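*Asks:* Got a structure for you, questions after.
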Amino acid sequence: MIINGQEVESCPGETVLETARRCGFEIPTLCYHKGLGAYGGCRLCLVEVEEGDRSLLAASCTLPARPSLKILTESQPVQRARLHVLALLLARCGPLPVLQELAERYGADQHIYPRLQEDDCILCGRCVRACEIVGAKVLSFTWRGSGRKVSTPFGRFSEECLGCQACVNVCPTGAIGVHEERDGFTLIRWKTEHQYAMCRFCGRPFVAYRFAENFGKFLKAHVRGFRGTDHFELCSSCRRSLQAGKMSEVTIKR
Ligand code: FES
């Protein structure tokens with residue numbers, strides 16, 4: 001296909017965004033995450049698709065790459081749309097570092113729209129998709145319009161939360177705060193408390209207890225001959241030392 005007048009080759013299954021980025025074209029994104037699949041929620045990755053003498057704007061993260069596509073990533077309509085998307089996000093969230101950086105890079109006016117809300121969440125849905133992939137499926141979108149938000153069922157503490165912190169790691173704005181304590185942590189946004197599992201050797205906390213317990217059960221049930229109890233009872237450095245010890249024993253015996 002053609003991007004900004006340059007002929008490029010896409011790989012099977014790629015989206016326009018992936019091809020463009022692989023070929024060195026810069027397209028900003030917020031809701032896109034390589035490991036989570038496409039969602040198309042933030043609209044920051046809009047590109048112009050030319051079809052004959054007509055053209056339309058489309059989200060490049062959900063648009064499958066195919067031959068004969070003609071894409072513009074920096075045309076006037078794209079730049080105008082990008083600035084409006086950024087201005088709307090700033091009106092919703094205020095000057096979050098990630099938004100401010102994008103606004104400065106693309107020259108968005110931070111004051112076009114009055115401040116509507118003070119919410120760090122940009123509704124990109126990364127946390128929802130991560131929670132689904134992990135298998136807990138605790139998070140989902142609730143309500144409609146300006147009241148839309150990401151929440152646990154009925155906005156309450158959920159027993160199903162594993163404490164894996166996948167949601168925290170994929171959030172682009174840092175909206176899901178974590179309050180750390182000695183024996184555990186709280187995911188502030190979901191009001192969910194977790195206890196740490198302590199390493200059997202060194203006694204240090206290393207992973208959420210519920211996560212270790214559930215993942216251990218899952219592997220035992222699904223992986224034939226799985227005997228890796230060490231994974232859920234030892235922290236990574238004690239596990240490594242133990243493995244190194246076992247390996248050197250084998251080497252000595254030989
Ligand atoms: S990155 Fe494409 S819509 Fe958000």
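In the structure tokens, each chain is lettered A, B, ... as it comes, each chain's residues begin at 1, and ligands are numbered from 1 in order of appearance.
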Sorted by chain and rising residue number, list the residues of chain A at most 9 Å from ligand 1 (counting only C-alpha atoms and all ligand atoms), each with its closest atom pair and distance in Å to one decimal, as a tab-separated table.

*Replies:*
residue	atom	partner	partner_atom_place_in_ligand_line	distance
A:Leu17	CA	ligand 1	2 (Fe)	8.0
A:Ile27	CA	ligand 1	1 (S)	8.7
A:Pro28	CA	ligand 1	1 (S)	7.2
A:Thr29	CA	ligand 1	1 (S)	4.0
A:Leu30	CA	ligand 1	1 (S)	5.0
A:Cys31	CA	ligand 1	4 (Fe)	4.1
A:Tyr32	CA	ligand 1	1 (S)	4.2
A:His33	CA	ligand 1	1 (S)	7.9
A:Ala38	CA	ligand 1	2 (Fe)	7.4
A:Tyr39	CA	ligand 1	3 (S)	6.6
A:Gly40	CA	ligand 1	3 (S)	3.4
A:Gly41	CA	ligand 1	3 (S)	4.5
A:Cys42	CA	ligand 1	4 (Fe)	3.8
A:Arg43	CA	ligand 1	3 (S)	3.7
A:Leu44	CA	ligand 1	4 (Fe)	5.4
A:Cys45	CA	ligand 1	2 (Fe)	4.5
A:Leu46	CA	ligand 1	2 (Fe)	6.8
A:Ala58	CA	ligand 1	3 (S)	8.8
A:Ala59	CA	ligand 1	2 (Fe)	5.1
A:Ser60	CA	ligand 1	2 (Fe)	5.8
A:Cys61	CA	ligand 1	2 (Fe)	4.3
A:Thr62	CA	ligand 1	2 (Fe)	6.6
A:Cys124	CA	ligand 1	4 (Fe)	7.0

*Asks:* Got time to write the residues from that selection, C-alpha atoms, as a tab-separated table (two decimals), in the first residue's frame?

*Replies:*
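Dumped to result-v6.tsv:
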chain	number	residue	atom	x	y	z
A	17	LEU	CA	-0.81	1.33	12.31
A	27	ILE	CA	1.36	7.85	14.53
A	28	PRO	CA	0.40	8.71	18.13
A	29	THR	CA	-1.70	6.21	20.11
A	30	LEU	CA	-3.15	5.84	23.59
A	31	CYS	CA	-5.53	2.88	23.68
A	32	TYR	CA	-3.37	0.68	21.42
A	33	HIS	CA	-1.15	-1.88	23.14
A	38	ALA	CA	-7.15	-3.49	18.92
A	39	TYR	CA	-9.97	-1.48	20.50
A	40	GLY	CA	-10.16	1.81	18.59
A	41	GLY	CA	-11.34	3.87	21.55
A	42	CYS	CA	-9.12	6.95	21.82
A	43	ARG	CA	-9.19	7.98	18.11
A	44	LEU	CA	-5.72	9.49	18.39
A	45	CYS	CA	-4.34	7.25	15.67
A	46	LEU	CA	-6.66	8.62	12.96
A	58	ALA	CA	-10.22	6.04	10.09
A	59	ALA	CA	-8.53	4.67	13.20
A	60	SER	CA	-5.33	3.08	11.92
A	61	CYS	CA	-5.10	0.65	14.87
A	62	THR	CA	-8.23	-1.21	13.75
A	124	CYS	CA	-8.82	3.58	26.74

*Asks:* Out of region 81-136 of chain A, which residues get helix (DSSP H, G or I) from DSSP, as a ChimeraX atom specification?

*Replies:* /A:81-93,97-106,126-134

*Asks:* Taking the backbone alone, and naming residues the way the document does, which bits of region 7-251 of chain A are strand (DSSP E) by DSSP, as a PyMOL selection string?

*Replies:* chain A and resi 7+46-51+54-59+70-72+140-142+149-151+178-180+184-187+192-198+205-208

*Asks:* Residues at most 9 Å from Pro77 (chain A), counting only C-alpha atoms, excluding those fewer than 6 positions away in the same chain, as a ChimeraX atom specification?

*Replies:* /A:47-48,57

*Asks:* Which residues are near region 212-218 of chain A? Cut-off 12 Å, only C-alpha atoms, ignore same chain within fewer than 2 positions. Put them as a VMD selection string.

*Replies:* chain A and resid 134 to 136 160 to 164 194 to 199 205 to 210 220 to 224 226 to 235

*Asks:* Tell me, in Å to one decimal, how far CA of Val8 (chain A) is from CA of Gly107 (chain A).

*Replies:* 28.3 Å

*Asks:* Nearest to Glu26 (chain A): which of A:Glu74, A:Asp119, A:Glu193, A:Asp109 is it, counting only C-alpha atoms?

*Replies:*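 Of all the options, A:Glu74 lies closest to Glu26 (chain A).
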
*Asks:* As a CSV table (one decimal) with C-alpha atoms, in the first residue's frame, please: the residues near Leu116 (chain A) (cut-off 9 Å, only C-alpha atoms, same-chain neighbours under 5 positions excluded).

*Replies:*
chain,number,residue,atom,x,y,z
A,91,ALA,CA,-10.7,18.8,29.0
A,92,ARG,CA,-11.7,15.5,30.6
A,93,CYS,CA,-8.4,14.8,32.4
A,94,GLY,CA,-6.5,18.0,32.9

*Asks:* Have a look at CA of His84 (chain A) and CA of Gly5 (chain A) and let me know their distance in Å, one decimal.

*Replies:* 25.4 Å

*Asks:* Can you measure CA of Val150 (chain A) to CA of Leu123 (chain A) for me? One decimal in Å is fine.

*Replies:*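 Straight-line distance from CA of Val150 (chain A) to CA of Leu123 (chain A) works out to 7.1 Å.
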